[in-house]
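Report on one structure; see the data block that follows.
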Amino acid sequence: MMSVDAYLRQVQRGLGGMDPHVREDILKELRSHLADSLSANGGNVSAATDALGDPVSVARRYRELYGYSSSYRLLFYAVAGVVGILTVPVLVAGEESVFPYFLSSIFVASEFVFLIWISVMAGNRAGLLAGVWGVLGRMAGLGVAIAANRESFLITADGLGAFLLVCLLFLFVGWIPGKARQAWQRPGAEL
């Protein structure tokens, strides 16, 4: 049998990354609900916690409802922007060094996975904004590459087309998984 405090600690762990004020309100609401349930069923803690459901599922439903805090979303956007810079195929090109093309493709794949994760976990709007930051990082990386290699920099039409296509894909990949999750999600128990 799990105590009310142990149940609430598990829920609190699942609410990590949420705004602290929202998290505290949720825990107060759950504590109040559990107290009412305990008084109604003669102090049976198992019945009270079972009525709410698994603490991990309860935390997940609240996270879906309220999302991540703004500081976490800003961190997501910053990471997407930095990784976006690294996706530019040629950041340094000269007689002795060329930023390896295969390495930039690893960063592109990493950015796609990260954007999908953000879109699914934090919602399609956060995913789209992270995609925008990825594109901005990509544009900044291209600007740095052009500025650093003015004499020898060459942009072909195919290269520019591929660059812009990947930029559009960042936006698409940041937005679509969250929308698909919303459409495919089964209606859950109301909190």
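Residues in the structure tokens are named by chain (A, B, ... in the order shown) and by number from 1 within that chain; ligands are numbered from 1 in the order shown.
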
Can you pull out the residues contacting Trp133 in chain A? Cut-off 7 Å, using only C-alpha atoms, and skip same-chain residues under 4 positions away; I want them as a PyMOL selection string. chain A and resi 77+80-81+129+137

Skip range 11-20 of chain A itself and residues of its chain fewer than 2 positions away, then list as a VMD selection string all residues within 7 Å of it, counting only C-alpha atoms. chain A and resid 7 to 9 22 to 24 55 to 56 58 to 60 63 67 to 69 72

Selection export as a short mmCIF file (atom, residue, chain, number, x, y, z; two decimals), in the first residue's frame, atoms kept: N, CA and C atoms:
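The resulting file, result_37.cif, is shown below:
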data_model
loop_
_atom_site.label_atom_id
_atom_site.label_comp_id
_atom_site.auth_asym_id
_atom_site.auth_seq_id
_atom_site.Cartn_x
_atom_site.Cartn_y
_atom_site.Cartn_z
N TYR A 7 2.55 8.68 -3.01
CA TYR A 7 1.83 8.84 -4.28
C TYR A 7 2.09 10.22 -4.87
N LEU A 8 1.98 11.25 -4.04
CA LEU A 8 2.19 12.63 -4.51
C LEU A 8 3.65 12.88 -4.92
N ARG A 9 4.60 12.22 -4.23
CA ARG A 9 6.01 12.36 -4.64
C ARG A 9 6.23 11.77 -6.04
N VAL A 22 2.44 26.04 -11.31
CA VAL A 22 1.43 25.12 -11.83
C VAL A 22 1.58 23.76 -11.16
N ARG A 23 2.83 23.31 -11.03
CA ARG A 23 3.09 22.02 -10.40
C ARG A 23 2.57 22.01 -8.96
N GLU A 24 2.82 23.08 -8.21
CA GLU A 24 2.34 23.16 -6.82
C GLU A 24 0.82 23.19 -6.76
N PRO A 55 0.29 6.99 -10.64
CA PRO A 55 0.84 8.34 -10.51
C PRO A 55 1.59 8.81 -11.75
N VAL A 56 2.24 7.91 -12.46
CA VAL A 56 2.94 8.29 -13.69
C VAL A 56 1.95 8.72 -14.75
N VAL A 58 -1.09 9.90 -14.18
CA VAL A 58 -1.70 11.15 -13.72
C VAL A 58 -0.78 12.32 -14.08
N ALA A 59 0.52 12.16 -13.80
CA ALA A 59 1.48 13.22 -14.12
C ALA A 59 1.53 13.47 -15.63
N ARG A 60 1.49 12.42 -16.41
CA ARG A 60 1.53 12.56 -17.88
C ARG A 60 0.32 13.34 -18.39
N ARG A 63 0.82 16.94 -17.57
CA ARG A 63 1.83 17.54 -18.44
C ARG A 63 1.23 17.82 -19.82
N GLY A 67 1.68 21.42 -20.16
CA GLY A 67 2.93 21.55 -20.90
C GLY A 67 4.13 21.89 -20.03
N TYR A 68 5.25 22.11 -20.73
CA TYR A 68 6.51 22.46 -20.07
C TYR A 68 6.52 23.94 -19.71
N SER A 69 7.37 24.31 -18.77
CA SER A 69 7.50 25.72 -18.38
C SER A 69 8.20 26.49 -19.50
N TYR A 72 11.97 25.80 -19.87
CA TYR A 72 12.30 24.56 -20.58
C TYR A 72 12.10 24.75 -22.09
#

Given the choices A:Ser152, A:Ala6, A:Gly141, A:Met121, which gets closest to Tyr66 in chain A if the distance is worked out from only C-alpha atoms?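 Smallest distance to Tyr66 in chain A is found for A:Met121.
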
Fewer than 3 positions away in the same chain doesn't count, so skip those; otherwise give me all residues within 7 Å of range 169-186 of chain A, counting only C-alpha atoms, as a PyMOL selection string. chain A and resi 112+115-116+119-120+123-125+127-128+130-132+134-135+165-166

Any idea what the distance is between CA of Thr49 in chain A and CA of Ala122 in chain A?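 So the answer is 26.8 Å.
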
Separation of CA of Arg150 in chain A from CA of Ser110 in chain A, in Å and rounded to one decimal: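 One can read the CA of Arg150 in chain A to CA of Ser110 in chain A distance as 28.9 Å.
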
Looking only at helix (DSSP H, G or I) from DSSP on the backbone, list the matching residues of range 9-178 of chain A as a PyMOL selection string. chain A and resi 9-14+20-40+45-52+55-66+70-86+101-122+124-148+157-178

Residues from the last selection, C-alpha atoms, saved as a tab-separated table (two decimals), in the first residue's frame:
chain	number	residue	atom	x	y	z
A	9	ARG	CA	6.01	12.36	-4.64
A	10	GLN	CA	5.71	10.04	-7.65
A	11	VAL	CA	3.32	12.46	-9.33
A	12	GLN	CA	5.69	15.34	-8.53
A	13	ARG	CA	8.62	13.51	-10.16
A	14	GLY	CA	6.50	13.07	-13.29
A	20	PRO	CA	6.73	25.39	-10.45
A	21	HIS	CA	3.55	27.34	-9.61
A	22	VAL	CA	1.43	25.12	-11.83
A	23	ARG	CA	3.09	22.02	-10.40
A	24	GLU	CA	2.34	23.16	-6.82
A	25	ASP	CA	-1.29	23.91	-7.73
A	26	ILE	CA	-1.66	20.43	-9.21
A	27	LEU	CA	-0.20	18.80	-6.11
A	28	LYS	CA	-2.50	20.87	-3.84
A	29	GLU	CA	-5.49	19.87	-5.95
A	30	LEU	CA	-4.52	16.19	-5.81
A	31	ARG	CA	-3.86	16.34	-2.05
A	32	SER	CA	-7.30	17.91	-1.54
A	33	HIS	CA	-8.95	15.30	-3.77
A	34	LEU	CA	-7.21	12.49	-1.89
A	35	ALA	CA	-8.24	13.97	1.48
A	36	ASP	CA	-11.88	14.12	0.35
A	37	SER	CA	-11.67	10.57	-0.97
A	38	LEU	CA	-10.12	9.32	2.27
A	39	SER	CA	-12.87	10.89	4.37
A	40	ALA	CA	-15.55	9.48	2.06
A	45	VAL	CA	-5.60	5.01	1.09
A	46	SER	CA	-5.48	2.31	-1.60
A	47	ALA	CA	-9.02	3.07	-2.72
A	48	ALA	CA	-8.28	6.81	-2.83
A	49	THR	CA	-5.08	6.46	-4.87
A	50	ASP	CA	-6.53	3.73	-7.12
A	51	ALA	CA	-9.42	6.03	-7.98
A	52	LEU	CA	-6.95	8.57	-9.39
A	55	PRO	CA	0.84	8.34	-10.51
A	56	VAL	CA	2.94	8.29	-13.69
A	57	SER	CA	-0.20	8.38	-15.84
A	58	VAL	CA	-1.70	11.15	-13.72
A	59	ALA	CA	1.48	13.22	-14.12
A	60	ARG	CA	1.53	12.56	-17.88
A	61	ARG	CA	-2.06	13.74	-18.28
A	62	TYR	CA	-1.31	16.95	-16.36
A	63	ARG	CA	1.83	17.54	-18.44
A	64	GLU	CA	-0.24	17.11	-21.61
A	65	LEU	CA	-2.75	19.59	-20.23
A	66	TYR	CA	-0.31	22.27	-19.00
A	70	SER	CA	8.70	28.63	-20.49
A	71	SER	CA	12.29	28.15	-19.30
A	72	TYR	CA	12.30	24.56	-20.58
A	73	ARG	CA	10.79	25.64	-23.90
A	74	LEU	CA	13.47	28.34	-24.25
A	75	LEU	CA	16.09	25.69	-23.61
A	76	PHE	CA	14.52	23.52	-26.34
A	77	TYR	CA	14.64	26.45	-28.77
A	78	ALA	CA	18.26	27.28	-27.90
A	79	VAL	CA	19.38	23.68	-28.42
A	80	ALA	CA	17.50	23.54	-31.74
A	81	GLY	CA	19.23	26.76	-32.84
A	82	VAL	CA	22.71	25.56	-31.89
A	83	VAL	CA	22.23	22.20	-33.57
A	84	GLY	CA	20.82	24.09	-36.57
A	85	ILE	CA	24.12	25.94	-36.92
A	86	LEU	CA	25.98	22.63	-37.03
A	101	TYR	CA	29.69	16.68	-45.03
A	102	PHE	CA	28.84	13.40	-43.32
A	103	LEU	CA	29.10	15.07	-39.93
A	104	SER	CA	26.57	17.72	-40.92
A	105	SER	CA	24.17	14.95	-41.96
A	106	ILE	CA	24.50	13.46	-38.47
A	107	PHE	CA	23.54	16.86	-37.04
A	108	VAL	CA	20.58	17.10	-39.46
A	109	ALA	CA	19.36	13.67	-38.31
A	110	SER	CA	19.87	14.69	-34.66
A	111	GLU	CA	17.89	17.87	-35.24
A	112	PHE	CA	15.03	15.89	-36.82
A	113	VAL	CA	14.89	13.49	-33.87
A	114	PHE	CA	15.03	16.39	-31.40
A	115	LEU	CA	12.25	18.28	-33.21
A	116	ILE	CA	10.05	15.18	-33.29
A	117	TRP	CA	10.62	14.66	-29.58
A	118	ILE	CA	9.76	18.29	-28.77
A	119	SER	CA	6.64	18.20	-30.95
A	120	VAL	CA	5.37	15.00	-29.34
A	121	MET	CA	6.33	15.80	-25.74
A	122	ALA	CA	5.79	19.57	-25.60
A	124	ASN	CA	3.15	21.05	-31.96
A	125	ARG	CA	3.48	24.77	-31.25
A	126	ALA	CA	6.67	24.22	-29.25
A	127	GLY	CA	7.90	21.87	-32.00
A	128	LEU	CA	7.19	24.45	-34.69
A	129	LEU	CA	8.97	27.19	-32.73
A	130	ALA	CA	11.94	24.88	-32.18
A	131	GLY	CA	11.91	24.25	-35.95
A	132	VAL	CA	11.98	28.01	-36.52
A	133	TRP	CA	14.97	28.30	-34.18
A	134	GLY	CA	16.64	25.42	-36.04
A	135	VAL	CA	16.13	27.29	-39.32
A	136	LEU	CA	17.47	30.51	-37.78
A	137	GLY	CA	20.52	28.62	-36.55
A	138	ARG	CA	20.96	27.13	-40.00
A	139	MET	CA	20.75	30.59	-41.59
A	140	ALA	CA	23.28	31.92	-39.06
A	141	GLY	CA	25.61	29.02	-39.83
A	142	LEU	CA	25.36	29.74	-43.54
A	143	GLY	CA	26.06	33.42	-42.89
A	144	VAL	CA	29.15	32.53	-40.86
A	145	ALA	CA	30.34	30.15	-43.59
A	146	ILE	CA	29.90	32.82	-46.26
A	147	ALA	CA	31.61	35.51	-44.17
A	148	ALA	CA	34.54	33.25	-43.26
A	157	ALA	CA	21.52	26.30	-57.22
A	158	ASP	CA	21.30	22.64	-56.16
A	159	GLY	CA	23.08	23.38	-52.90
A	160	LEU	CA	20.83	26.32	-52.13
A	161	GLY	CA	17.77	24.24	-53.02
A	162	ALA	CA	18.87	21.45	-50.68
A	163	PHE	CA	19.59	24.00	-47.95
A	164	LEU	CA	16.11	25.52	-48.25
A	165	LEU	CA	14.46	22.08	-48.45
A	166	VAL	CA	16.06	21.04	-45.17
A	167	CYS	CA	14.93	24.35	-43.62
A	168	LEU	CA	11.33	23.63	-44.67
A	169	LEU	CA	11.63	20.08	-43.36
A	170	PHE	CA	12.71	21.43	-39.96
A	171	LEU	CA	9.47	23.41	-39.79
A	172	PHE	CA	7.39	20.47	-41.03
A	173	VAL	CA	9.02	17.95	-38.68
A	174	GLY	CA	8.62	20.34	-35.76
A	175	TRP	CA	4.90	20.74	-36.37
A	176	ILE	CA	3.44	17.51	-37.78
A	177	PRO	CA	4.23	14.92	-35.04
A	178	GLY	CA	2.49	16.98	-32.37
